[in-house]
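Okay, model.tsv is below, TSV, N, CA and C atoms:
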```tsv
chain	number	residue	atom	x	y	z
A	35	MET	N	-20.80	-40.66	-200.88
A	35	MET	CA	-20.91	-40.22	-202.26
A	35	MET	C	-21.97	-39.11	-202.36
A	36	MET	N	-21.75	-38.18	-203.25
A	36	MET	CA	-22.68	-37.06	-203.43
A	36	MET	C	-23.98	-37.52	-204.07
A	37	THR	N	-25.07	-36.89	-203.67
A	37	THR	CA	-26.36	-37.22	-204.27
A	37	THR	C	-26.97	-36.03	-204.99
A	38	SER	N	-26.35	-34.88	-204.88
A	38	SER	CA	-26.88	-33.71	-205.56
A	38	SER	C	-25.77	-33.07	-206.38
A	39	SER	N	-26.10	-31.99	-207.03
A	39	SER	CA	-25.09	-31.31	-207.82
A	39	SER	C	-24.85	-29.92	-207.24
A	40	THR	N	-23.73	-29.36	-207.60
A	40	THR	CA	-23.35	-28.03	-207.18
A	40	THR	C	-23.18	-27.19	-208.43
A	41	THR	N	-23.73	-25.99	-208.43
A	41	THR	CA	-23.62	-25.11	-209.59
A	41	THR	C	-23.10	-23.75	-209.16
A	42	LYS	N	-22.21	-23.21	-209.96
A	42	LYS	CA	-21.73	-21.84	-209.78
A	42	LYS	C	-21.92	-21.13	-211.11
A	43	HIS	N	-22.37	-19.88	-211.05
A	43	HIS	CA	-22.67	-19.13	-212.27
A	43	HIS	C	-21.99	-17.77	-212.23
A	44	TYR	N	-21.46	-17.36	-213.38
A	44	TYR	CA	-20.76	-16.08	-213.50
A	44	TYR	C	-21.20	-15.39	-214.79
A	45	THR	N	-21.21	-14.07	-214.76
A	45	THR	CA	-21.43	-13.28	-215.97
A	45	THR	C	-20.17	-12.44	-216.17
A	46	LEU	N	-19.53	-12.62	-217.31
A	46	LEU	CA	-18.28	-11.93	-217.60
A	46	LEU	C	-18.45	-11.05	-218.82
A	47	ASN	N	-17.72	-9.95	-218.86
A	47	ASN	CA	-17.83	-9.08	-220.02
A	47	ASN	C	-16.97	-9.60	-221.17
A	48	SER	N	-17.24	-9.12	-222.36
A	48	SER	CA	-16.53	-9.58	-223.56
A	48	SER	C	-15.22	-8.81	-223.73
A	49	SER	N	-14.27	-9.17	-222.90
A	49	SER	CA	-12.95	-8.53	-222.99
A	49	SER	C	-11.87	-9.58	-222.78
A	50	VAL	N	-10.69	-9.26	-223.23
A	50	VAL	CA	-9.56	-10.17	-223.07
A	50	VAL	C	-9.29	-10.40	-221.58
A	51	GLU	N	-9.57	-9.40	-220.76
A	51	GLU	CA	-9.38	-9.53	-219.30
A	51	GLU	C	-10.23	-10.65	-218.71
A	52	SER	N	-11.36	-10.92	-219.32
A	52	SER	CA	-12.23	-11.99	-218.82
A	52	SER	C	-11.60	-13.37	-218.99
A	53	LEU	N	-10.68	-13.50	-219.93
A	53	LEU	CA	-9.98	-14.77	-220.09
A	53	LEU	C	-9.14	-15.08	-218.86
A	54	ALA	N	-8.46	-14.07	-218.33
A	54	ALA	CA	-7.69	-14.26	-217.09
A	54	ALA	C	-8.63	-14.54	-215.93
A	55	LYS	N	-9.77	-13.88	-215.90
A	55	LYS	CA	-10.75	-14.07	-214.83
A	55	LYS	C	-11.27	-15.51	-214.84
A	56	VAL	N	-11.56	-16.05	-216.01
A	56	VAL	CA	-12.09	-17.42	-216.06
A	56	VAL	C	-11.02	-18.42	-215.61
A	57	GLU	N	-9.76	-18.15	-215.89
A	57	GLU	CA	-8.70	-19.02	-215.41
A	57	GLU	C	-8.65	-19.00	-213.88
A	58	GLN	N	-8.84	-17.82	-213.29
A	58	GLN	CA	-8.88	-17.72	-211.82
A	58	GLN	C	-10.07	-18.49	-211.26
A	59	ILE	N	-11.20	-18.40	-211.95
A	59	ILE	CA	-12.40	-19.13	-211.50
A	59	ILE	C	-12.14	-20.63	-211.53
A	60	ILE	N	-11.53	-21.11	-212.61
A	60	ILE	CA	-11.26	-22.55	-212.74
A	60	ILE	C	-10.29	-23.00	-211.64
A	61	GLU	N	-9.29	-22.17	-211.35
A	61	GLU	CA	-8.35	-22.48	-210.26
A	61	GLU	C	-9.10	-22.61	-208.94
A	62	SER	N	-10.02	-21.67	-208.66
A	62	SER	CA	-10.76	-21.72	-207.39
A	62	SER	C	-11.70	-22.92	-207.34
A	63	VAL	N	-12.29	-23.28	-208.48
A	63	VAL	CA	-13.16	-24.46	-208.55
A	63	VAL	C	-12.31	-25.72	-208.29
A	64	LYS	N	-11.11	-25.74	-208.85
A	64	LYS	CA	-10.20	-26.87	-208.63
A	64	LYS	C	-9.93	-27.05	-207.14
A	65	GLU	N	-9.60	-25.95	-206.48
A	65	GLU	CA	-9.30	-26.01	-205.05
A	65	GLU	C	-10.54	-26.41	-204.24
A	66	GLU	N	-11.66	-25.78	-204.53
A	66	GLU	CA	-12.87	-26.02	-203.75
A	66	GLU	C	-13.44	-27.42	-203.91
A	67	PHE	N	-13.37	-27.96	-205.14
A	67	PHE	CA	-14.02	-29.23	-205.42
A	67	PHE	C	-13.04	-30.37	-205.71
A	68	GLY	N	-11.75	-30.09	-205.53
A	68	GLY	CA	-10.75	-31.15	-205.65
A	68	GLY	C	-10.63	-31.76	-207.03
A	69	ILE	N	-10.63	-30.93	-208.06
A	69	ILE	CA	-10.44	-31.46	-209.41
A	69	ILE	C	-9.04	-32.07	-209.50
A	70	PRO	N	-8.95	-33.33	-209.90
A	70	PRO	CA	-7.64	-33.99	-209.98
A	70	PRO	C	-6.72	-33.35	-211.02
A	71	GLU	N	-5.44	-33.35	-210.71
A	71	GLU	CA	-4.44	-32.79	-211.63
A	71	GLU	C	-4.51	-33.44	-213.01
A	72	GLU	N	-4.85	-34.74	-213.05
A	72	GLU	CA	-4.86	-35.47	-214.34
A	72	GLU	C	-5.82	-34.86	-215.35
A	73	ILE	N	-6.90	-34.24	-214.87
A	73	ILE	CA	-7.85	-33.66	-215.83
A	73	ILE	C	-7.90	-32.13	-215.74
A	74	PHE	N	-7.25	-31.57	-214.74
A	74	PHE	CA	-7.30	-30.12	-214.57
A	74	PHE	C	-6.75	-29.39	-215.80
A	75	GLY	N	-5.64	-29.84	-216.35
A	75	GLY	CA	-5.06	-29.19	-217.53
A	75	GLY	C	-6.02	-29.21	-218.71
A	76	ASN	N	-6.67	-30.35	-218.92
A	76	ASN	CA	-7.64	-30.46	-220.01
A	76	ASN	C	-8.80	-29.48	-219.82
A	77	ILE	N	-9.25	-29.37	-218.57
A	77	ILE	CA	-10.34	-28.45	-218.27
A	77	ILE	C	-9.90	-27.01	-218.52
A	78	LEU	N	-8.75	-26.65	-217.99
A	78	LEU	CA	-8.26	-25.27	-218.12
A	78	LEU	C	-8.11	-24.87	-219.59
A	79	VAL	N	-7.49	-25.72	-220.38
A	79	VAL	CA	-7.28	-25.40	-221.80
A	79	VAL	C	-8.60	-25.36	-222.56
A	80	SER	N	-9.46	-26.35	-222.35
A	80	SER	CA	-10.74	-26.42	-223.07
A	80	SER	C	-11.65	-25.25	-222.74
A	81	VAL	N	-11.81	-24.97	-221.45
A	81	VAL	CA	-12.71	-23.89	-221.05
A	81	VAL	C	-12.15	-22.54	-221.47
A	82	SER	N	-10.84	-22.36	-221.36
A	82	SER	CA	-10.22	-21.11	-221.81
A	82	SER	C	-10.43	-20.91	-223.30
A	83	GLU	N	-10.31	-21.97	-224.06
A	83	GLU	CA	-10.53	-21.90	-225.51
A	83	GLU	C	-11.99	-21.57	-225.81
A	84	GLY	N	-12.90	-22.20	-225.10
A	84	GLY	CA	-14.33	-21.91	-225.28
A	84	GLY	C	-14.66	-20.46	-224.95
A	85	MET	N	-14.09	-19.95	-223.87
A	85	MET	CA	-14.31	-18.54	-223.51
A	85	MET	C	-13.72	-17.61	-224.56
A	86	SER	N	-12.53	-17.94	-225.01
A	86	SER	CA	-11.89	-17.12	-226.05
A	86	SER	C	-12.75	-17.07	-227.30
A	87	ASN	N	-13.29	-18.21	-227.72
A	87	ASN	CA	-14.17	-18.25	-228.89
A	87	ASN	C	-15.42	-17.42	-228.66
A	88	ALA	N	-16.01	-17.52	-227.46
A	88	ALA	CA	-17.24	-16.78	-227.15
A	88	ALA	C	-16.99	-15.27	-227.20
A	89	ILE	N	-15.87	-14.84	-226.64
A	89	ILE	CA	-15.56	-13.41	-226.59
A	89	ILE	C	-15.17	-12.88	-227.96
A	90	LYS	N	-14.27	-13.58	-228.64
A	90	LYS	CA	-13.73	-13.08	-229.92
A	90	LYS	C	-14.66	-13.33	-231.10
A	91	HIS	N	-15.17	-14.54	-231.21
A	91	HIS	CA	-15.97	-14.90	-232.39
A	91	HIS	C	-17.46	-14.70	-232.15
A	92	GLY	N	-17.94	-15.14	-230.98
A	92	GLY	CA	-19.38	-15.01	-230.69
A	92	GLY	C	-19.79	-13.57	-230.49
A	93	ASN	N	-19.16	-12.90	-229.52
A	93	ASN	CA	-19.52	-11.52	-229.20
A	93	ASN	C	-18.67	-10.50	-229.95
A	94	LYS	N	-17.71	-10.95	-230.71
A	94	LYS	CA	-16.86	-10.08	-231.56
A	94	LYS	C	-16.23	-8.94	-230.76
A	95	LEU	N	-15.77	-9.28	-229.53
A	95	LEU	CA	-15.12	-8.31	-228.64
A	95	LEU	C	-15.98	-7.08	-228.36
A	96	ASP	N	-17.29	-7.24	-228.45
A	96	ASP	CA	-18.24	-6.15	-228.18
A	96	ASP	C	-18.39	-6.00	-226.67
A	97	ALA	N	-17.87	-4.91	-226.13
A	97	ALA	CA	-17.88	-4.69	-224.68
A	97	ALA	C	-19.29	-4.55	-224.11
A	98	THR	N	-20.29	-4.32	-224.95
A	98	THR	CA	-21.66	-4.21	-224.45
A	98	THR	C	-22.31	-5.58	-224.28
A	99	LYS	N	-21.63	-6.64	-224.74
A	99	LYS	CA	-22.16	-7.99	-224.61
A	99	LYS	C	-21.42	-8.74	-223.51
A	100	SER	N	-22.07	-9.76	-222.99
A	100	SER	CA	-21.45	-10.54	-221.93
A	100	SER	C	-21.44	-12.02	-222.29
A	101	VAL	N	-20.69	-12.77	-221.49
A	101	VAL	CA	-20.62	-14.22	-221.63
A	101	VAL	C	-21.07	-14.82	-220.31
A	102	GLU	N	-22.04	-15.73	-220.39
A	102	GLU	CA	-22.50	-16.45	-219.21
A	102	GLU	C	-21.62	-17.69	-219.08
A	103	PHE	N	-21.11	-17.91	-217.89
A	103	PHE	CA	-20.21	-19.02	-217.64
A	103	PHE	C	-20.69	-19.73	-216.38
A	104	SER	N	-20.84	-21.05	-216.46
A	104	SER	CA	-21.27	-21.77	-215.27
A	104	SER	C	-20.51	-23.09	-215.14
A	105	PHE	N	-20.45	-23.53	-213.91
A	105	PHE	CA	-19.80	-24.78	-213.55
A	105	PHE	C	-20.82	-25.63	-212.81
A	106	ASP	N	-20.91	-26.89	-213.18
A	106	ASP	CA	-21.82	-27.79	-212.50
A	106	ASP	C	-21.07	-29.08	-212.17
A	107	LEU	N	-21.16	-29.48	-210.93
A	107	LEU	CA	-20.51	-30.71	-210.47
A	107	LEU	C	-21.60	-31.69	-210.06
A	108	SER	N	-21.57	-32.87	-210.65
A	108	SER	CA	-22.47	-33.94	-210.26
A	108	SER	C	-21.62	-35.12	-209.81
A	109	GLU	N	-22.26	-36.22	-209.49
A	109	GLU	CA	-21.52	-37.41	-209.06
A	109	GLU	C	-20.60	-37.93	-210.15
A	110	LYS	N	-20.97	-37.72	-211.39
A	110	LYS	CA	-20.25	-38.35	-212.50
A	110	LYS	C	-19.37	-37.43	-213.32
A	111	GLN	N	-19.59	-36.10	-213.23
A	111	GLN	CA	-18.81	-35.23	-214.11
A	111	GLN	C	-18.73	-33.79	-213.65
A	112	TYR	N	-17.71	-33.13	-214.17
A	112	TYR	CA	-17.57	-31.68	-214.07
A	112	TYR	C	-18.09	-31.15	-215.39
A	113	GLN	N	-18.96	-30.14	-215.34
A	113	GLN	CA	-19.52	-29.60	-216.58
A	113	GLN	C	-19.39	-28.08	-216.57
A	114	PHE	N	-18.88	-27.56	-217.67
A	114	PHE	CA	-18.70	-26.12	-217.83
A	114	PHE	C	-19.53	-25.68	-219.02
A	115	THR	N	-20.33	-24.63	-218.82
A	115	THR	CA	-21.19	-24.12	-219.88
A	115	THR	C	-20.81	-22.68	-220.17
A	116	ILE	N	-20.67	-22.38	-221.45
A	116	ILE	CA	-20.31	-21.04	-221.91
A	116	ILE	C	-21.37	-20.60	-222.91
A	117	LEU	N	-21.97	-19.44	-222.66
A	117	LEU	CA	-23.03	-18.92	-223.54
A	117	LEU	C	-22.70	-17.48	-223.91
A	118	ASP	N	-22.52	-17.24	-225.21
A	118	ASP	CA	-22.27	-15.87	-225.65
A	118	ASP	C	-23.55	-15.28	-226.23
A	119	GLN	N	-23.51	-14.00	-226.58
A	119	GLN	CA	-24.68	-13.31	-227.13
A	119	GLN	C	-24.59	-13.13	-228.64
A	120	GLY	N	-23.74	-13.93	-229.26
A	120	GLY	CA	-23.60	-13.87	-230.71
A	120	GLY	C	-24.69	-14.65	-231.41
A	121	SER	N	-24.61	-14.69	-232.72
A	121	SER	CA	-25.64	-15.36	-233.52
A	121	SER	C	-25.35	-16.84	-233.74
A	122	GLY	N	-24.24	-17.34	-233.19
A	122	GLY	CA	-23.90	-18.74	-233.34
A	122	GLY	C	-23.07	-19.00	-234.59
A	123	PHE	N	-22.87	-20.28	-234.90
A	123	PHE	CA	-22.10	-20.67	-236.07
A	123	PHE	C	-22.48	-22.10	-236.43
A	124	ASP	N	-22.06	-22.53	-237.60
A	124	ASP	CA	-22.38	-23.87	-238.08
A	124	ASP	C	-21.35	-24.85	-237.52
A	125	TYR	N	-21.58	-25.30	-236.31
A	125	TYR	CA	-20.61	-26.15	-235.62
A	125	TYR	C	-20.48	-27.55	-236.23
A	126	GLU	N	-21.41	-27.92	-237.10
A	126	GLU	CA	-21.32	-29.23	-237.73
A	126	GLU	C	-20.45	-29.22	-238.99
A	127	ASN	N	-20.05	-28.04	-239.42
A	127	ASN	CA	-19.23	-27.93	-240.63
A	127	ASN	C	-17.97	-27.11	-240.40
A	128	VAL	N	-17.31	-27.35	-239.29
A	128	VAL	CA	-16.05	-26.67	-239.01
A	128	VAL	C	-14.94	-27.44	-239.72
A	129	PRO	N	-14.11	-26.75	-240.49
A	129	PRO	CA	-13.03	-27.45	-241.20
A	129	PRO	C	-12.08	-28.15	-240.24
A	130	ASP	N	-11.61	-29.32	-240.64
A	130	ASP	CA	-10.66	-30.10	-239.83
A	130	ASP	C	-9.29	-29.42	-239.89
A	131	PRO	N	-8.78	-28.93	-238.76
A	131	PRO	CA	-7.49	-28.23	-238.78
A	131	PRO	C	-6.31	-29.15	-239.07
A	132	THR	N	-6.52	-30.48	-239.00
A	132	THR	CA	-5.42	-31.40	-239.29
A	132	THR	C	-5.37	-31.78	-240.77
A	133	HIS	N	-6.37	-31.36	-241.53
A	133	HIS	CA	-6.38	-31.64	-242.97
A	133	HIS	C	-5.26	-30.83	-243.63
A	134	PRO	N	-4.54	-31.40	-244.59
A	134	PRO	CA	-3.42	-30.68	-245.23
A	134	PRO	C	-3.79	-29.29	-245.76
A	135	ASP	N	-5.02	-29.11	-246.24
A	135	ASP	CA	-5.42	-27.80	-246.76
A	135	ASP	C	-5.53	-26.75	-245.65
A	136	ASN	N	-5.66	-27.19	-244.39
A	136	ASN	CA	-5.90	-26.26	-243.29
A	136	ASN	C	-4.74	-26.12	-242.31
A	137	ILE	N	-3.68	-26.87	-242.54
A	137	ILE	CA	-2.55	-26.87	-241.59
A	137	ILE	C	-1.98	-25.47	-241.37
A	138	GLU	N	-1.90	-24.67	-242.40
A	138	GLU	CA	-1.29	-23.34	-242.30
A	138	GLU	C	-2.25	-22.27	-241.77
A	139	LYS	N	-3.53	-22.60	-241.67
A	139	LYS	CA	-4.52	-21.61	-241.23
A	139	LYS	C	-4.43	-21.38	-239.72
A	140	ILE	N	-4.57	-20.13	-239.34
A	140	ILE	CA	-4.48	-19.77	-237.92
A	140	ILE	C	-5.76	-20.16	-237.19
A	141	ASP	N	-6.91	-19.92	-237.77
A	141	ASP	CA	-8.19	-20.20	-237.12
A	141	ASP	C	-8.59	-21.67	-237.29
A	142	GLY	N	-9.54	-22.08	-236.49
A	142	GLY	CA	-10.12	-23.41	-236.66
A	142	GLY	C	-9.58	-24.48	-235.75
A	143	ARG	N	-8.69	-24.12	-234.85
A	143	ARG	CA	-8.12	-25.13	-233.97
A	143	ARG	C	-8.86	-25.25	-232.64
A	144	GLY	N	-9.58	-24.23	-232.23
A	144	GLY	CA	-10.21	-24.20	-230.92
A	144	GLY	C	-11.18	-25.34	-230.68
A	145	ILE	N	-12.08	-25.57	-231.61
A	145	ILE	CA	-13.07	-26.64	-231.43
A	145	ILE	C	-12.38	-27.99	-231.46
A	146	PHE	N	-11.38	-28.13	-232.31
A	146	PHE	CA	-10.61	-29.37	-232.37
A	146	PHE	C	-9.95	-29.64	-231.01
A	147	ILE	N	-9.37	-28.61	-230.41
A	147	ILE	CA	-8.72	-28.74	-229.10
A	147	ILE	C	-9.75	-29.12	-228.04
A	148	MET	N	-10.88	-28.40	-228.02
A	148	MET	CA	-11.91	-28.68	-227.02
A	148	MET	C	-12.45	-30.11	-227.17
A	149	THR	N	-12.69	-30.53	-228.40
A	149	THR	CA	-13.20	-31.87	-228.66
A	149	THR	C	-12.19	-32.93	-228.23
A	150	SER	N	-10.92	-32.65	-228.44
A	150	SER	CA	-9.87	-33.61	-228.08
A	150	SER	C	-9.70	-33.74	-226.58
A	151	LEU	N	-9.89	-32.66	-225.84
A	151	LEU	CA	-9.60	-32.67	-224.41
A	151	LEU	C	-10.80	-32.98	-223.51
A	152	ALA	N	-11.99	-32.62	-223.94
A	152	ALA	CA	-13.19	-32.87	-223.12
A	152	ALA	C	-13.70	-34.28	-223.38
A	153	ASP	N	-14.37	-34.85	-222.38
A	153	ASP	CA	-14.98	-36.17	-222.58
A	153	ASP	C	-16.22	-36.07	-223.44
A	154	ASN	N	-16.87	-34.91	-223.39
A	154	ASN	CA	-18.04	-34.67	-224.24
A	154	ASN	C	-18.17	-33.18	-224.49
A	155	ILE	N	-18.56	-32.83	-225.69
A	155	ILE	CA	-18.80	-31.43	-226.03
A	155	ILE	C	-20.15	-31.35	-226.75
A	156	THR	N	-20.99	-30.42	-226.32
A	156	THR	CA	-22.31	-30.24	-226.90
A	156	THR	C	-22.49	-28.78	-227.27
A	157	PHE	N	-23.02	-28.54	-228.45
A	157	PHE	CA	-23.35	-27.18	-228.87
A	157	PHE	C	-24.87	-27.04	-228.88
A	158	GLU	N	-25.34	-25.91	-228.37
A	158	GLU	CA	-26.78	-25.61	-228.36
A	158	GLU	C	-26.97	-24.17	-228.81
A	159	GLN	N	-28.22	-23.79	-229.00
A	159	GLN	CA	-28.59	-22.43	-229.40
A	159	GLN	C	-27.78	-21.95	-230.61
A	160	ASP	N	-27.79	-22.76	-231.65
A	160	ASP	CA	-27.09	-22.47	-232.91
A	160	ASP	C	-25.59	-22.29	-232.74
A	161	GLY	N	-25.04	-22.86	-231.69
A	161	GLY	CA	-23.60	-22.79	-231.49
A	161	GLY	C	-23.15	-21.69	-230.55
A	162	SER	N	-24.08	-20.87	-230.07
A	162	SER	CA	-23.67	-19.81	-229.15
A	162	SER	C	-23.53	-20.32	-227.71
A	163	LYS	N	-23.92	-21.57	-227.50
A	163	LYS	CA	-23.77	-22.20	-226.19
A	163	LYS	C	-22.97	-23.48	-226.36
A	164	VAL	N	-21.91	-23.63	-225.57
A	164	VAL	CA	-21.11	-24.86	-225.60
A	164	VAL	C	-21.06	-25.42	-224.18
A	165	ILE	N	-21.22	-26.74	-224.10
A	165	ILE	CA	-21.17	-27.44	-222.82
A	165	ILE	C	-20.02	-28.44	-222.91
A	166	LEU	N	-19.05	-28.25	-222.02
A	166	LEU	CA	-17.88	-29.13	-221.97
A	166	LEU	C	-18.00	-30.00	-220.73
A	167	SER	N	-17.94	-31.31	-220.93
A	167	SER	CA	-18.08	-32.25	-219.81
A	167	SER	C	-16.82	-33.07	-219.64
A	168	PHE	N	-16.46	-33.29	-218.38
A	168	PHE	CA	-15.28	-34.06	-218.02
A	168	PHE	C	-15.70	-35.08	-216.99
A	169	ASN	N	-15.47	-36.36	-217.30
A	169	ASN	CA	-15.92	-37.43	-216.43
A	169	ASN	C	-15.06	-37.53	-215.18
A	170	ILE	N	-15.71	-37.85	-214.08
A	170	ILE	CA	-15.01	-38.11	-212.83
A	170	ILE	C	-14.72	-39.61	-212.81
A	171	THR	N	-13.45	-39.93	-212.68
A	171	THR	CA	-13.08	-41.36	-212.73
A	171	THR	C	-12.88	-41.93	-211.35
```
Could you rewrite the structure in this file as C-alpha cells?
Amino acid sequence: MMTSSTTKHYTLNSSVESLAKVEQIIESVKEEFGIPEEIFGNILVSVSEGMSNAIKHGNKLDATKSVEFSFDLSEKQYQFTILDQGSGFDYENVPDPTHPDNIEKIDGRGIFIMTSLADNITFEQDGSKVILSFNIT
C-alpha cells in the first residue's frame, strides 16, 4: 500500500483548446495511476466542467490569464484542483438547476454536475479555486 502522495501540476491558458488538453492529461493520469473505469467517467466530466467554468466564467476567456490545474493521489483518494485568476463567485448561493424556475436556463448546471459526480467538492479563495475529490474504493 502507498504511504505517500503523488502530485502533478500544470498551468494552462484560458482558451477552449485547454479543455481538450485537460482531457488528455486526465487520460494520461488514468493510464499512469490506474484510475478504475467505474470512476473515470465521473472524474473526466467533473474536472472538464470545472476547467470550463474556470476558463469561461472565472477568467472570462482572457488569454492573458491562466488556470492552475493539479492532480494529487493519496492512499484514499484522487484529488483534482483547479485555480483560475478570476475574482471568484458566491458558491453558497448558486441556484438549483433542478428547480422548476431554473429548468429552462442554460447556465447553472456545472456545479450541480460536479457536486453529483465527485465524492467531495470544496471551494476556496472566494470560489476561484475548486477541489474535486474522488474516493479510492
Write out as an MDAnalysis selection string each polymer residue whose atoms come within 9 Å of A:Gln111, counting only C-alpha atoms; drop sequence neighbours fewer than 2 positions from it.
-> chainID A and resid 106:109 113 167:171
Find the distance between atom CA of A:Ile147 and atom CA of A:Val56 and write it in Å to one decimal.
-> 17.6 Å
Which residue, A:Phe157, A:Val128, A:Ser100, A:Ile60, has the smallest gap to A:Leu78 when you use all atoms listed in the file?
->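 Closest residue, counting all atoms listed in the file: A:Ile60.
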Pick from A:Ile59, A:Asn154, A:Ser48, A:Thr149, whichever lies nearest to A:Gly120 using only C-alpha atoms = A:Ser48
Point-to-point distance in Å for atom CA of A:Ser121 and atom CA of A:Leu95 |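 Atom-to-atom, atom CA of A:Leu95 to atom CA of A:Ser121, that is 13.6 Å.
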Counting only C-alpha atoms, the residue among A:Thr98, A:Thr115, A:Asn127, A:Gln58 that lies closest to A:Gly84 is A:Thr115
Do you know which residues are at most 12 Å from A:Ala97 counting only C-alpha atoms, after dropping those on the same chain fewer than 3 positions away, and could you put them as a count of residues only?
-> 14
Go ahead and find all residues with at least one atom no further than 10 Å from (-12.5, -21.0, -215.9) in the file's coordinates, using only C-alpha atoms; report them as a ChimeraX atom specification.
-> /A:44,52-64,77-85,103-105,114,116
